[in-house]
Structure formats: C-alpha cells, structure tokens
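**Student:** mmCIF, C-alpha atoms and all ligand atoms, file coords-v7.cif:
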```
data_start
loop_
_atom_site.group_PDB
_atom_site.id
_atom_site.type_symbol
_atom_site.label_atom_id
_atom_site.label_comp_id
_atom_site.auth_asym_id
_atom_site.auth_seq_id
_atom_site.Cartn_x
_atom_site.Cartn_y
_atom_site.Cartn_z
ATOM 1 C CA MET A 28 -126.175 -1.290 -49.826
ATOM 2 C CA PRO A 29 -125.512 -5.057 -49.694
ATOM 3 C CA ASP A 30 -127.034 -7.072 -46.842
ATOM 4 C CA PHE A 31 -123.637 -7.547 -45.154
ATOM 5 C CA GLN A 32 -124.866 -9.602 -42.186
ATOM 6 C CA GLY A 33 -126.889 -11.890 -44.465
ATOM 7 C CA ILE A 34 -123.881 -12.386 -46.744
ATOM 8 C CA LEU A 35 -121.569 -13.227 -43.803
ATOM 9 C CA GLU A 36 -124.203 -15.644 -42.523
ATOM 10 C CA SER A 37 -124.381 -17.555 -45.827
ATOM 11 C CA ILE A 38 -120.552 -17.674 -46.110
ATOM 12 C CA TYR A 39 -120.376 -19.006 -42.546
ATOM 13 C CA GLN A 40 -122.961 -21.712 -43.211
ATOM 14 C CA ASP A 41 -120.982 -22.946 -46.245
ATOM 15 C CA ALA A 42 -117.680 -22.839 -44.332
ATOM 16 C CA ILE A 43 -118.768 -24.843 -41.311
ATOM 17 C CA LYS A 44 -120.123 -27.574 -43.605
ATOM 18 C CA ALA A 45 -116.930 -27.782 -45.729
ATOM 19 C CA ASN A 46 -115.438 -31.292 -45.904
ATOM 20 C CA ASP A 47 -111.899 -30.104 -46.575
ATOM 21 C CA LYS A 48 -110.897 -27.429 -44.083
ATOM 22 C CA GLY A 49 -107.181 -27.518 -44.963
ATOM 23 C CA THR A 50 -104.313 -28.440 -42.627
ATOM 24 C CA VAL A 51 -103.244 -26.638 -39.468
ATOM 25 C CA ALA A 52 -99.560 -25.524 -39.511
ATOM 26 C CA THR A 53 -97.400 -27.869 -37.450
ATOM 27 C CA TYR A 54 -93.885 -26.567 -38.138
ATOM 28 C CA ILE A 55 -94.403 -24.216 -35.178
ATOM 29 C CA PRO A 56 -95.318 -26.955 -32.654
ATOM 30 C CA GLU A 57 -97.487 -24.673 -30.478
ATOM 31 C CA LEU A 58 -99.781 -23.920 -33.432
ATOM 32 C CA ALA A 59 -100.469 -27.610 -34.058
ATOM 33 C CA HIS A 60 -102.999 -27.737 -31.175
ATOM 34 C CA ILE A 61 -105.447 -25.272 -32.739
ATOM 35 C CA ASP A 62 -108.840 -26.707 -33.683
ATOM 36 C CA LYS A 63 -109.428 -26.257 -37.404
ATOM 37 C CA ASN A 64 -113.182 -25.994 -36.820
ATOM 38 C CA ASN A 65 -112.716 -22.425 -35.602
ATOM 39 C CA PHE A 66 -114.143 -19.997 -38.142
ATOM 40 C CA GLY A 67 -114.761 -16.285 -37.773
ATOM 41 C CA ILE A 68 -115.286 -13.195 -39.928
ATOM 42 C CA HIS A 69 -115.407 -9.556 -38.932
ATOM 43 C CA LEU A 70 -116.233 -6.635 -41.228
ATOM 44 C CA ARG A 71 -115.940 -2.921 -40.471
ATOM 45 C CA THR A 72 -117.428 -0.561 -43.028
ATOM 46 C CA PHE A 73 -116.646 3.121 -43.536
ATOM 47 C CA ASP A 74 -120.065 4.216 -42.304
ATOM 48 C CA GLY A 75 -118.954 2.954 -38.858
ATOM 49 C CA ASN A 76 -120.898 -0.301 -38.876
ATOM 50 C CA GLU A 77 -119.480 -3.648 -37.764
ATOM 51 C CA TYR A 78 -120.619 -7.124 -38.692
ATOM 52 C CA GLY A 79 -119.353 -10.403 -37.238
ATOM 53 C CA ILE A 80 -120.053 -14.103 -37.398
ATOM 54 C CA GLY A 81 -118.603 -17.201 -35.718
ATOM 55 C CA ASP A 82 -115.343 -16.996 -33.741
ATOM 56 C CA TYR A 83 -114.585 -13.358 -34.551
ATOM 57 C CA ASN A 84 -113.850 -12.501 -30.909
ATOM 58 C CA LYS A 85 -111.419 -15.392 -30.256
ATOM 59 C CA PRO A 86 -107.700 -14.476 -30.247
ATOM 60 C CA PHE A 87 -105.372 -16.315 -32.638
ATOM 61 C CA SER A 88 -101.710 -16.128 -33.637
ATOM 62 C CA ILE A 89 -101.430 -13.355 -36.246
ATOM 63 C CA GLN A 90 -98.021 -14.630 -37.531
ATOM 64 C CA SER A 91 -97.206 -13.061 -40.936
ATOM 65 C CA ILE A 92 -100.061 -10.564 -40.687
ATOM 66 C CA SER A 93 -97.722 -8.789 -38.234
ATOM 67 C CA LYS A 94 -95.301 -8.134 -41.126
ATOM 68 C CA VAL A 95 -97.629 -5.422 -42.457
ATOM 69 C CA LEU A 96 -97.814 -3.676 -39.073
ATOM 70 C CA ALA A 97 -94.020 -3.913 -38.677
ATOM 71 C CA LEU A 98 -93.545 -2.475 -42.175
ATOM 72 C CA SER A 99 -95.911 0.406 -41.417
ATOM 73 C CA LYS A 100 -93.994 1.246 -38.229
ATOM 74 C CA ALA A 101 -90.659 1.079 -40.102
ATOM 75 C CA MET A 102 -92.016 3.356 -42.859
ATOM 76 C CA ALA A 103 -93.221 5.842 -40.270
ATOM 77 C CA LEU A 104 -89.746 5.811 -38.679
ATOM 78 C CA VAL A 105 -87.346 5.781 -41.627
ATOM 79 C CA SER A 106 -89.523 6.116 -44.739
ATOM 80 C CA GLU A 107 -87.807 5.750 -48.146
ATOM 81 C CA THR A 108 -84.434 4.399 -46.975
ATOM 82 C CA ILE A 109 -86.103 0.991 -46.424
ATOM 83 C CA TRP A 110 -86.096 0.419 -50.164
ATOM 84 C CA ASN A 111 -82.286 0.386 -50.302
ATOM 85 C CA ARG A 112 -82.432 -2.855 -48.321
ATOM 86 C CA VAL A 113 -85.666 -4.570 -49.470
ATOM 87 C CA ASP A 114 -87.260 -4.708 -52.928
ATOM 88 C CA VAL A 115 -90.985 -4.466 -53.790
ATOM 89 C CA GLU A 116 -91.388 -7.291 -56.310
ATOM 90 C CA PRO A 117 -93.497 -10.426 -55.834
ATOM 91 C CA SER A 118 -91.232 -13.411 -55.196
ATOM 92 C CA GLY A 119 -93.365 -16.102 -56.842
ATOM 93 C CA HIS A 120 -91.930 -18.448 -54.206
ATOM 94 C CA PRO A 121 -92.946 -19.718 -50.750
ATOM 95 C CA PHE A 122 -92.635 -17.340 -47.777
ATOM 96 C CA ASN A 123 -89.532 -19.071 -46.390
ATOM 97 C CA GLN A 124 -87.648 -19.752 -49.613
ATOM 98 C CA LEU A 125 -83.924 -18.912 -49.483
ATOM 99 C CA ALA A 126 -82.640 -19.438 -53.036
ATOM 100 C CA LEU A 127 -83.620 -15.997 -54.387
ATOM 101 C CA LEU A 128 -82.036 -14.274 -51.403
ATOM 102 C CA GLU A 129 -78.664 -15.768 -52.235
ATOM 103 C CA ILE A 130 -78.976 -15.181 -55.988
ATOM 104 C CA GLU A 131 -80.004 -11.569 -55.401
ATOM 105 C CA ASN A 132 -77.128 -10.778 -53.036
ATOM 106 C CA GLY A 133 -79.055 -10.530 -49.792
ATOM 107 C CA ILE A 134 -81.752 -8.093 -50.971
ATOM 108 C CA PRO A 135 -85.126 -9.727 -50.182
ATOM 109 C CA ARG A 136 -87.740 -9.509 -52.942
ATOM 110 C CA ASN A 137 -90.273 -7.784 -50.684
ATOM 111 C CA PRO A 138 -90.972 -7.012 -47.000
ATOM 112 C CA LEU A 139 -93.713 -9.657 -46.642
ATOM 113 C CA ILE A 140 -91.636 -12.798 -47.262
ATOM 114 C CA ASN A 141 -89.695 -13.960 -44.201
ATOM 115 C CA SER A 142 -86.278 -12.614 -45.262
ATOM 116 C CA GLY A 143 -87.798 -9.181 -46.010
ATOM 117 C CA ALA A 144 -89.645 -9.128 -42.699
ATOM 118 C CA ILE A 145 -86.399 -10.012 -40.905
ATOM 119 C CA VAL A 146 -84.747 -6.920 -42.463
ATOM 120 C CA ILE A 147 -87.735 -4.821 -41.320
ATOM 121 C CA ALA A 148 -87.342 -6.277 -37.803
ATOM 122 C CA ASP A 149 -83.668 -5.229 -37.925
ATOM 123 C CA ILE A 150 -84.689 -1.673 -38.911
ATOM 124 C CA LEU A 151 -87.169 -1.527 -36.015
ATOM 125 C CA ILE A 152 -84.541 -2.734 -33.531
ATOM 126 C CA SER A 153 -82.145 -0.017 -34.740
ATOM 127 C CA ASN A 154 -84.777 2.710 -34.425
ATOM 128 C CA LEU A 155 -86.880 1.850 -31.358
ATOM 129 C CA LYS A 156 -85.710 2.412 -27.781
ATOM 130 C CA ASN A 157 -87.344 -0.724 -26.380
ATOM 131 C CA PRO A 158 -88.187 -2.648 -29.553
ATOM 132 C CA LYS A 159 -90.571 -5.299 -28.173
ATOM 133 C CA GLU A 160 -92.391 -2.944 -25.787
ATOM 134 C CA ASP A 161 -92.593 -0.130 -28.359
ATOM 135 C CA PHE A 162 -93.875 -2.364 -31.156
ATOM 136 C CA LEU A 163 -96.552 -3.869 -28.910
ATOM 137 C CA SER A 164 -97.608 -0.346 -27.854
ATOM 138 C CA TYR A 165 -97.867 0.628 -31.516
ATOM 139 C CA VAL A 166 -100.187 -2.324 -32.264
ATOM 140 C CA ARG A 167 -102.249 -1.586 -29.131
ATOM 141 C CA ASP A 168 -102.529 2.109 -30.074
ATOM 142 C CA LEU A 169 -103.594 1.333 -33.642
ATOM 143 C CA THR A 170 -106.323 -0.932 -32.284
ATOM 144 C CA GLY A 171 -107.222 1.153 -29.219
ATOM 145 C CA ASP A 172 -106.906 -2.013 -27.140
ATOM 146 C CA ASP A 173 -104.371 -2.600 -24.353
ATOM 147 C CA THR A 174 -105.266 -6.274 -23.901
ATOM 148 C CA ILE A 175 -103.294 -7.309 -27.034
ATOM 149 C CA ASN A 176 -100.130 -9.257 -26.156
ATOM 150 C CA TYR A 177 -97.324 -11.498 -27.285
ATOM 151 C CA ASN A 178 -97.743 -15.233 -26.750
ATOM 152 C CA LYS A 179 -94.320 -16.066 -25.332
ATOM 153 C CA THR A 180 -94.937 -19.815 -25.584
ATOM 154 C CA VAL A 181 -95.560 -19.523 -29.330
ATOM 155 C CA ALA A 182 -92.508 -17.258 -29.769
ATOM 156 C CA HIS A 183 -90.349 -19.771 -27.895
ATOM 157 C CA SER A 184 -91.814 -22.689 -29.832
ATOM 158 C CA GLU A 185 -90.896 -21.009 -33.126
ATOM 159 C CA LYS A 186 -87.415 -20.176 -31.850
ATOM 160 C CA MET A 187 -86.775 -23.884 -31.190
ATOM 161 C CA THR A 188 -87.743 -24.926 -34.734
ATOM 162 C CA GLY A 189 -87.113 -21.780 -36.810
ATOM 163 C CA PHE A 190 -84.068 -23.159 -38.629
ATOM 164 C CA LYS A 191 -84.958 -21.592 -41.979
ATOM 165 C CA ASN A 192 -85.385 -18.185 -40.385
ATOM 166 C CA TYR A 193 -81.945 -18.618 -38.779
ATOM 167 C CA ALA A 194 -80.606 -19.518 -42.226
ATOM 168 C CA ALA A 195 -82.243 -16.421 -43.765
ATOM 169 C CA ALA A 196 -80.923 -14.130 -41.020
ATOM 170 C CA ASN A 197 -77.401 -15.568 -41.363
ATOM 171 C CA LEU A 198 -77.522 -15.162 -45.134
ATOM 172 C CA LEU A 199 -78.659 -11.546 -44.697
ATOM 173 C CA LYS A 200 -75.826 -11.011 -42.225
ATOM 174 C CA SER A 201 -73.271 -12.445 -44.684
ATOM 175 C CA PHE A 202 -74.457 -9.903 -47.279
ATOM 176 C CA LYS A 203 -74.241 -7.121 -44.650
ATOM 177 C CA ASN A 204 -77.987 -6.531 -44.809
ATOM 178 C CA LEU A 205 -78.511 -7.132 -41.081
ATOM 179 C CA LYS A 206 -77.071 -4.566 -38.653
ATOM 180 C CA ASN A 207 -78.005 -6.171 -35.326
ATOM 181 C CA PRO A 208 -77.073 -9.642 -34.000
ATOM 182 C CA VAL A 209 -78.991 -12.563 -35.580
ATOM 183 C CA GLU A 210 -80.302 -13.728 -32.163
ATOM 184 C CA GLU A 211 -81.637 -10.299 -31.276
ATOM 185 C CA VAL A 212 -83.368 -9.757 -34.623
ATOM 186 C CA LEU A 213 -84.983 -13.206 -34.609
ATOM 187 C CA ASP A 214 -86.110 -12.853 -31.000
ATOM 188 C CA PHE A 215 -87.956 -9.681 -32.021
ATOM 189 C CA TYR A 216 -89.294 -11.300 -35.219
ATOM 190 C CA PHE A 217 -90.598 -14.428 -33.419
ATOM 191 C CA HIS A 218 -92.307 -12.196 -30.844
ATOM 192 C CA GLN A 219 -93.937 -9.951 -33.450
ATOM 193 C CA CYS A 220 -95.323 -13.078 -35.187
ATOM 194 C CA SER A 221 -96.617 -14.467 -31.877
ATOM 195 C CA ILE A 222 -98.981 -11.540 -31.197
ATOM 196 C CA GLU A 223 -102.523 -12.762 -30.626
ATOM 197 C CA MET A 224 -105.491 -10.801 -31.900
ATOM 198 C CA THR A 225 -109.115 -11.426 -32.757
ATOM 199 C CA CYS A 226 -110.713 -10.797 -36.150
ATOM 200 C CA SER A 227 -112.419 -7.705 -34.764
ATOM 201 C CA GLN A 228 -109.157 -6.320 -33.331
ATOM 202 C CA LEU A 229 -107.424 -6.864 -36.680
ATOM 203 C CA THR A 230 -110.093 -5.015 -38.662
ATOM 204 C CA LYS A 231 -109.568 -2.098 -36.267
ATOM 205 C CA ALA A 232 -105.765 -2.247 -36.495
ATOM 206 C CA PHE A 233 -105.776 -2.252 -40.324
ATOM 207 C CA TYR A 234 -108.325 0.551 -40.630
ATOM 208 C CA PHE A 235 -105.599 3.189 -41.196
ATOM 209 C CA LEU A 236 -104.475 1.426 -44.378
ATOM 210 C CA SER A 237 -108.000 1.706 -45.791
ATOM 211 C CA ASN A 238 -108.209 5.328 -44.621
ATOM 212 C CA LYS A 239 -105.178 6.948 -46.316
ATOM 213 C CA GLY A 240 -102.962 6.450 -43.260
ATOM 214 C CA THR A 241 -105.263 7.817 -40.522
ATOM 215 C CA CYS A 242 -106.284 5.331 -37.819
ATOM 216 C CA LEU A 243 -109.632 4.864 -36.096
ATOM 217 C CA LEU A 244 -108.617 7.196 -33.277
ATOM 218 C CA ASN A 245 -108.090 9.885 -35.931
ATOM 219 C CA LYS A 246 -104.291 9.930 -35.603
ATOM 220 C CA THR A 247 -102.189 10.144 -38.771
ATOM 221 C CA ARG A 248 -99.929 7.075 -38.829
ATOM 222 C CA LEU A 249 -98.685 7.220 -42.409
ATOM 223 C CA THR A 250 -98.939 9.628 -45.333
ATOM 224 C CA LYS A 251 -101.490 8.886 -48.041
ATOM 225 C CA THR A 252 -98.621 7.812 -50.338
ATOM 226 C CA GLN A 253 -97.189 5.434 -47.723
ATOM 227 C CA ALA A 254 -100.606 3.826 -47.202
ATOM 228 C CA LYS A 255 -100.953 3.436 -50.989
ATOM 229 C CA ARG A 256 -97.547 1.742 -51.133
ATOM 230 C CA ILE A 257 -98.352 -0.766 -48.384
ATOM 231 C CA ASN A 258 -101.649 -1.648 -50.074
ATOM 232 C CA ALA A 259 -99.796 -2.160 -53.378
ATOM 233 C CA ILE A 260 -97.300 -4.470 -51.658
ATOM 234 C CA MET A 261 -100.123 -6.447 -50.004
ATOM 235 C CA LEU A 262 -101.896 -6.858 -53.350
ATOM 236 C CA THR A 263 -98.782 -8.068 -55.172
ATOM 237 C CA CYS A 264 -96.932 -9.934 -52.377
ATOM 238 C CA GLY A 265 -99.356 -10.595 -49.500
ATOM 239 C CA PHE A 266 -99.944 -14.257 -50.375
ATOM 240 C CA TYR A 267 -96.463 -15.251 -51.594
ATOM 241 C CA ASP A 268 -96.715 -17.649 -54.558
ATOM 242 C CA GLU A 269 -100.496 -17.369 -54.353
ATOM 243 C CA ALA A 270 -100.666 -13.559 -54.635
ATOM 244 C CA GLY A 271 -101.884 -13.787 -58.230
ATOM 245 C CA GLU A 272 -104.602 -16.268 -57.230
ATOM 246 C CA PHE A 273 -105.804 -14.022 -54.382
ATOM 247 C CA ALA A 274 -105.933 -10.959 -56.670
ATOM 248 C CA PHE A 275 -107.720 -13.062 -59.319
ATOM 249 C CA GLU A 276 -110.298 -14.608 -56.965
ATOM 250 C CA VAL A 277 -110.748 -11.855 -54.352
ATOM 251 C CA GLY A 278 -109.407 -8.625 -55.877
ATOM 252 C CA LEU A 279 -108.320 -6.887 -52.664
ATOM 253 C CA PRO A 280 -105.006 -6.044 -50.984
ATOM 254 C CA GLY A 281 -104.596 -8.465 -48.101
ATOM 255 C CA LYS A 282 -102.247 -10.413 -45.866
ATOM 256 C CA SER A 283 -102.334 -13.952 -44.555
ATOM 257 C CA GLY A 284 -100.635 -15.676 -41.630
ATOM 258 C CA VAL A 285 -99.948 -19.335 -40.853
ATOM 259 C CA GLY A 286 -102.222 -18.969 -37.817
ATOM 260 C CA GLY A 287 -105.044 -19.016 -40.398
ATOM 261 C CA GLY A 288 -105.928 -15.323 -40.391
ATOM 262 C CA ILE A 289 -106.405 -13.100 -43.436
ATOM 263 C CA VAL A 290 -106.967 -9.338 -43.373
ATOM 264 C CA ALA A 291 -108.144 -7.660 -46.588
ATOM 265 C CA LEU A 292 -109.396 -4.172 -47.328
ATOM 266 C CA LEU A 293 -111.001 -1.923 -49.896
ATOM 267 C CA PRO A 294 -109.688 1.642 -49.473
ATOM 268 C CA ASP A 295 -112.430 4.082 -48.387
ATOM 269 C CA HIS A 296 -114.950 1.231 -48.027
ATOM 270 C CA PHE A 297 -114.153 -1.547 -45.544
ATOM 271 C CA VAL A 298 -111.691 -3.823 -43.733
ATOM 272 C CA ILE A 299 -112.490 -7.518 -43.343
ATOM 273 C CA THR A 300 -110.717 -10.267 -41.360
ATOM 274 C CA THR A 301 -111.285 -14.000 -41.622
ATOM 275 C CA TRP A 302 -109.913 -16.727 -39.378
ATOM 276 C CA SER A 303 -109.906 -20.404 -40.276
ATOM 277 C CA PRO A 304 -106.761 -22.248 -39.075
ATOM 278 C CA GLY A 305 -106.630 -24.905 -41.824
ATOM 279 C CA LEU A 306 -104.147 -23.918 -44.538
ATOM 280 C CA ASN A 307 -103.832 -24.830 -48.201
ATOM 281 C CA LYS A 308 -100.581 -26.062 -49.797
ATOM 282 C CA LYS A 309 -99.231 -22.519 -50.148
ATOM 283 C CA GLY A 310 -99.635 -21.795 -46.419
ATOM 284 C CA ASN A 311 -102.694 -19.535 -46.739
ATOM 285 C CA SER A 312 -106.022 -20.180 -44.992
ATOM 286 C CA LYS A 313 -108.066 -22.453 -47.243
ATOM 287 C CA LEU A 314 -111.557 -21.432 -46.128
ATOM 288 C CA GLY A 315 -110.495 -17.828 -45.489
ATOM 289 C CA MET A 316 -109.590 -17.407 -49.155
ATOM 290 C CA LEU A 317 -112.852 -19.035 -50.246
ATOM 291 C CA ALA A 318 -114.846 -16.851 -47.859
ATOM 292 C CA LEU A 319 -113.266 -13.670 -49.189
ATOM 293 C CA GLU A 320 -113.863 -14.753 -52.783
ATOM 294 C CA GLN A 321 -117.532 -15.239 -51.933
ATOM 295 C CA PHE A 322 -117.650 -11.904 -50.101
ATOM 296 C CA THR A 323 -116.337 -9.805 -53.004
ATOM 297 C CA THR A 324 -118.411 -11.753 -55.523
ATOM 298 C CA LYS A 325 -121.642 -11.418 -53.528
ATOM 299 C CA THR A 326 -121.139 -7.740 -52.588
ATOM 300 C CA LYS A 327 -119.512 -6.814 -55.936
ATOM 301 C CA LEU A 328 -117.027 -4.776 -53.879
ATOM 302 C CA SER A 329 -113.359 -5.072 -54.870
ATOM 303 C CA VAL A 330 -110.643 -2.821 -56.256
ATOM 304 C CA PHE A 331 -111.372 -4.036 -59.783
HETATM 305 O O1 LIG B 1 -91.556 -17.067 -39.891
HETATM 306 C C1 LIG B 1 -92.475 -17.878 -39.961
HETATM 307 O O2 LIG B 1 -92.381 -18.920 -40.605
HETATM 308 C C2 LIG B 1 -93.773 -17.561 -39.239
HETATM 309 N N1 LIG B 1 -93.508 -16.889 -38.007
HETATM 310 C C3 LIG B 1 -94.687 -16.719 -40.077
HETATM 311 C C4 LIG B 1 -94.982 -17.330 -41.437
HETATM 312 C C5 LIG B 1 -96.336 -17.008 -41.959
HETATM 313 O O3 LIG B 1 -97.234 -16.636 -41.248
HETATM 314 C C6 LIG B 1 -96.538 -17.281 -43.410
HETATM 315 N N2 LIG B 1 -97.885 -16.922 -43.821
HETATM 316 N N3 LIG B 1 -98.782 -17.414 -44.343
#
```
So, in terms of structure tokens, how does the structure I just supplied come out?

**Tutor:**
Amino acid sequence: MPDFQGILESIYQDAIKANDKGTVATYIPELAHIDKNNFGIHLRTFDGNEYGIGDYNKPFSIQSISKVLALSKAMALVSETIWNRVDVEPSGHPFNQLALLEIENGIPRNPLINSGAIVIADILISNLKNPKEDFLSYVRDLTGDDTINYNKTVAHSEKMTGFKNYAAANLLKSFKNLKNPVEEVLDFYFHQCSIEMTCSQLTKAFYFLSNKGTCLLNKTRLTKTQAKRINAIMLTCGFYDEAGEFAFEVGLPGKSGVGGGIVALLPDHFVITTWSPGLNKKGNSKLGMLALEQFTTKTKLSVF
C-alpha cells in the first residue's frame, strides 16, 4: 500500500512553496476576500482510513461542486427523464458560455455547465416540497453532518452580479426548458452553490459515488448504474474546457468549483478533495489540479 500520509506531505510542501498560486475568483465579490495561501487535502480510502494535510478542516464555498450533488438528488427523484432536457456531452467551452445553448435550442450540453445545472435546479424545485431545506438536508445526510449550511452572503453576492446566469435562465425559459420562474430557479441555484464545506466533509459526501451509490451511513442513494453515469459525466465534463486535460493529467472522475475545491474519486478505492482558492485561466484550481496529478502519479492509482 502506498504511504498516503507521506505522499500528501510531499505534495503539500511543494504547494505551499509554489510561486504561482493562480488567481482567486472575483466575479462573485464575496469570494474575492479568500486568501489564496489556503491549501488543504483530505483522502478517505476504502479500508476506512483518512488522511489530511493543511487546511482540510476549513470550510470553503463549494460552488460548482454542488452541481454533482444536485444531479444525484435529481436522478434519485426522476431518473431517466432528466436526459430529455439535458445532454451528456462535453461542451469544450467555459462553464458559463451561452452560444451553444442558443445553437442547440435550449438543451444544455451537460448537467455540470451552468445552463445544465440551472435545468437540474428547476427539476429539484418541481420535485421537492421545500427545495432549499430539502436539498440542504440531503447534503447533510450524505455527509452525516448537520453543521453544513448555505452562506447567504455569498448567495446574495452572486445574485447581484450573476448576469450570465440570468441570461442562461432566460434563454432556457424562451426554449421552454425551464418550468419554474427564473427568479425562483436562480435563487435556489445561487444557494446550492453557496454551500460551505471542508475537504473532509466533501470526501464523506462523495463517498457514495465511489461506492456504487451507497453512502457512508450504508444507505442506498443511487443505483449502481446511476453512480456509474455520474462518474462518467464527471470524467468527461467535470472541468469544462479542461476536462480532457484533467483526464490526461489525473485520470479520475472529478468536479471543480470556483471556490477552489476539487473532489475526485477512484471507484472502490478512495475519494480525495483538494482546496486551493487560486484558479487557472479555465476557472479550475491551479494547485489542486497539480496536487491531484502528483497524487495519482505517485500512488499509481487512477482509472487508467
Ligand atoms: O454559477 C456560477 O458561476 C458559480 N456559482 C459556479 C461556477 C463554478 O464553480 C465553475 N467552476 N469551476
């Protein structure tokens, strides 16, 4: 077995010394205050062991990582009908690009770009009694942790500047691919993105996707096939126009967020989360990607 703690230690030492730590996202004003010197990694292996280094117990804004949890809840609720409204192809474009959505008649390329996640938010609103409360409970249950919460200041901050998401939602509405009012769907979407979690909470929450749909508390959340599908979507679409690069360098299904988090997993082996708030030009954590490349290279553990 690899010396996991030793490997995390050496990755951490390289990361904290890095000259270029990327750029913190500023288009959501509340995120601009985050110190890019934060760096944490948490690993949970299938034999029940946990390994952590750096700021792995500090909460951060999960942003687009929430899209995977929202998709899993929507699949559990309505299963296959989702795919009439959202495709499963990589977009090859940035997460907030609008051109393809118009060309392709309001059917988003996949559920992990913003327009696709907005359709998933619409599905959740149509199928949950109290959408915000119920979604938060779902995330808390997956993690076994009731302290997880929305950051209302971040949600509000994004609402004030989320013009492209308003454009996407209005475009979806014009193509009749949004059933609920634009304001209501975006309010839910901005809240889901504002959830704060630590690296160690995220490795817990994503465990079910590495375990054929069964979560840490031994509850079945998804079928084996549904878990396979979400992992396939993460591998091909989880990093937008950098999905190929992540598969090439890291070789794991994963998802990033503009808060600087990345969750990645190897089915039946482990879940790993990194947090480093500085982003590269494609909006993915610069040092997080490097750290995961080093992790799969040093451990020789990846899907390939
Ligand atoms: O909708 C947005 O722009 C943000 N709430 C989430 C974007 C995001 O995290 C992209 N990921 N790297």

**Student:** Which of these, A:Ala144, A:Ala291, A:Met102, A:Leu96, has the shortest distance to ligand LIG 1 (chain B) once you count only C-alpha atoms and all ligand atoms?

**Tutor:**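 Nearest candidate to ligand LIG 1 (chain B) out of A:Ala144, A:Ala291, A:Met102, A:Leu96: A:Ala144.
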
**Student:** So what does the PyMOL selection byres (((chain A and resi 276) around 10) and not hetatm) actually pick up in this one, as a PyMOL selection string?

**Tutor:** chain A and resi 270-275+277-279+316-317+319-321+323-324

**Student:** Using only C-alpha atoms and all ligand atoms, find each protein or nucleic acid residue lying at most 9 Å from ligand LIG 1 (chain B); present the set as a VMD selection string.

**Tutor:** chain A and resid 54 to 55 88 to 94 121 to 123 139 to 142 144 to 145 182 185 189 191 to 192 216 to 221 265 to 267 282 to 289 306 309 to 312

**Student:** From the options A:Asp214, A:Glu223, A:Asp268, A:Asp168, which residue's atoms come nearest to Leu243 (chain A), counting only C-alpha atoms?

**Tutor:**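 Between A:Asp214, A:Glu223, A:Asp268, A:Asp168, the residue approaching Leu243 (chain A) most closely is A:Asp168.
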
**Student:** Just want the 10 Å neighbourhood of Lys251 (chain A), counted on all atoms listed in the file, with same-chain residues fewer than 5 positions away dropped. Output as a list of chain:residue names.

**Tutor:**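 Listing them by chain and then by number gives A:Phe235, A:Leu236, A:Ser237, A:Asn238, A:Lys239, A:Gly240, A:Thr241, A:Arg256.
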
**Student:** Just say which residues the PyMOL selection byres (((chain A and resi 81) around 9) and not hetatm) picks in this file, as a PyMOL selection string.

**Tutor:** chain A and resi 36+39+65-69+79-80+82-84

**Student:** Closest to Asp173 (chain A) among A:Thr50, A:Gln40, A:Ser153, A:Gln228, using all atoms listed in the file?

**Tutor:**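 Among the listed residues, the smallest separation from Asp173 (chain A) belongs to A:Gln228.
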
**Student:** Find the residues around Val209 (chain A) up to 12 Å (only C-alpha atoms counted), leave out those fewer than 4 positions away in its own chain, and share them as an MDAnalysis selection string.

**Tutor:** chainID A and resid 145:146 148:149 152 186 192:201 203:205 213:217

**Student:** Please report the interatomic distance between CA of Val298 (chain A) and CA of Thr72 (chain A) in Å with one decimal.

**Tutor:**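 Atom-to-atom, CA of Val298 (chain A) to CA of Thr72 (chain A), that is 6.6 Å.
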
**Student:** Determine the nearest neighbour of Asn154 (chain A) from the options A:His120, A:Leu125, A:Met224, A:Leu104, counting all atoms listed in the file.

**Tutor:**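 Of A:His120, A:Leu125, A:Met224, A:Leu104, the one nearest Asn154 (chain A), counting all atoms listed in the file, is A:Leu104.
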
**Student:** With distances taken over all atoms listed in the file, which residue among A:Leu229, A:Leu328, A:Ala318, A:Leu244 lies nearest Arg71 (chain A)?

**Tutor:**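 For Arg71 (chain A), the nearest of the candidates is A:Leu229.
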
**Student:** At what distance in Å, to one decimal, does CA of Lys159 (chain A) lie from CA of Asn178 (chain A)?

**Tutor:** 12.3 Å

**Student:** For each of A:Ile43, A:Leu293, A:Leu314, A:Ile260, take the minimum atom-to-atom distance to Lys327 (chain A), counting all atoms listed in the file, then give the residue where this is smallest.

**Tutor:**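 Of A:Ile43, A:Leu293, A:Leu314, A:Ile260, the one nearest Lys327 (chain A), counting all atoms listed in the file, is A:Leu293.
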
**Student:** How many Å lie between CA of Ile34 (chain A) and CA of Ala52 (chain A), rounded to one decimal?

**Tutor:**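 Atom-to-atom, CA of Ile34 (chain A) to CA of Ala52 (chain A), that is 28.6 Å.
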
**Student:** If you count all atoms listed in the file, which residues fall within 10 Å of Leu70 (chain A), apart from same-chain ones fewer than 6 positions away, as a list in words?

**Tutor:**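 The residues satisfying every condition are Phe31, Gln32, Leu35, Asn76, Glu77, Tyr78, Gly79, Ile80, Tyr83, Cys226, Ser227, Leu229, Thr230, Lys231, Val290, Ala291, Leu292, Phe297, Val298, Ile299, Thr300 and Thr301 of chain A.
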
**Student:** Output, as lines of an AutoDock Vina configuration file, the centre and edge lengths in Å (one decimal) of the axis-aligned box that contains all listed atoms of region 248-254 of chain A with 5 Å of margin on each side.

**Tutor:**
```
center_x = -99.3
center_y = 6.7
center_z = -44.6
size_x = 14.3
size_y = 15.8
size_z = 21.5
```

**Student:** Applied to this file, what does the PyMOL selection byres (((chain A and resi 61) around 9) and not hetatm) return in terms of residues, put as a count of residues only?

**Tutor:** 13
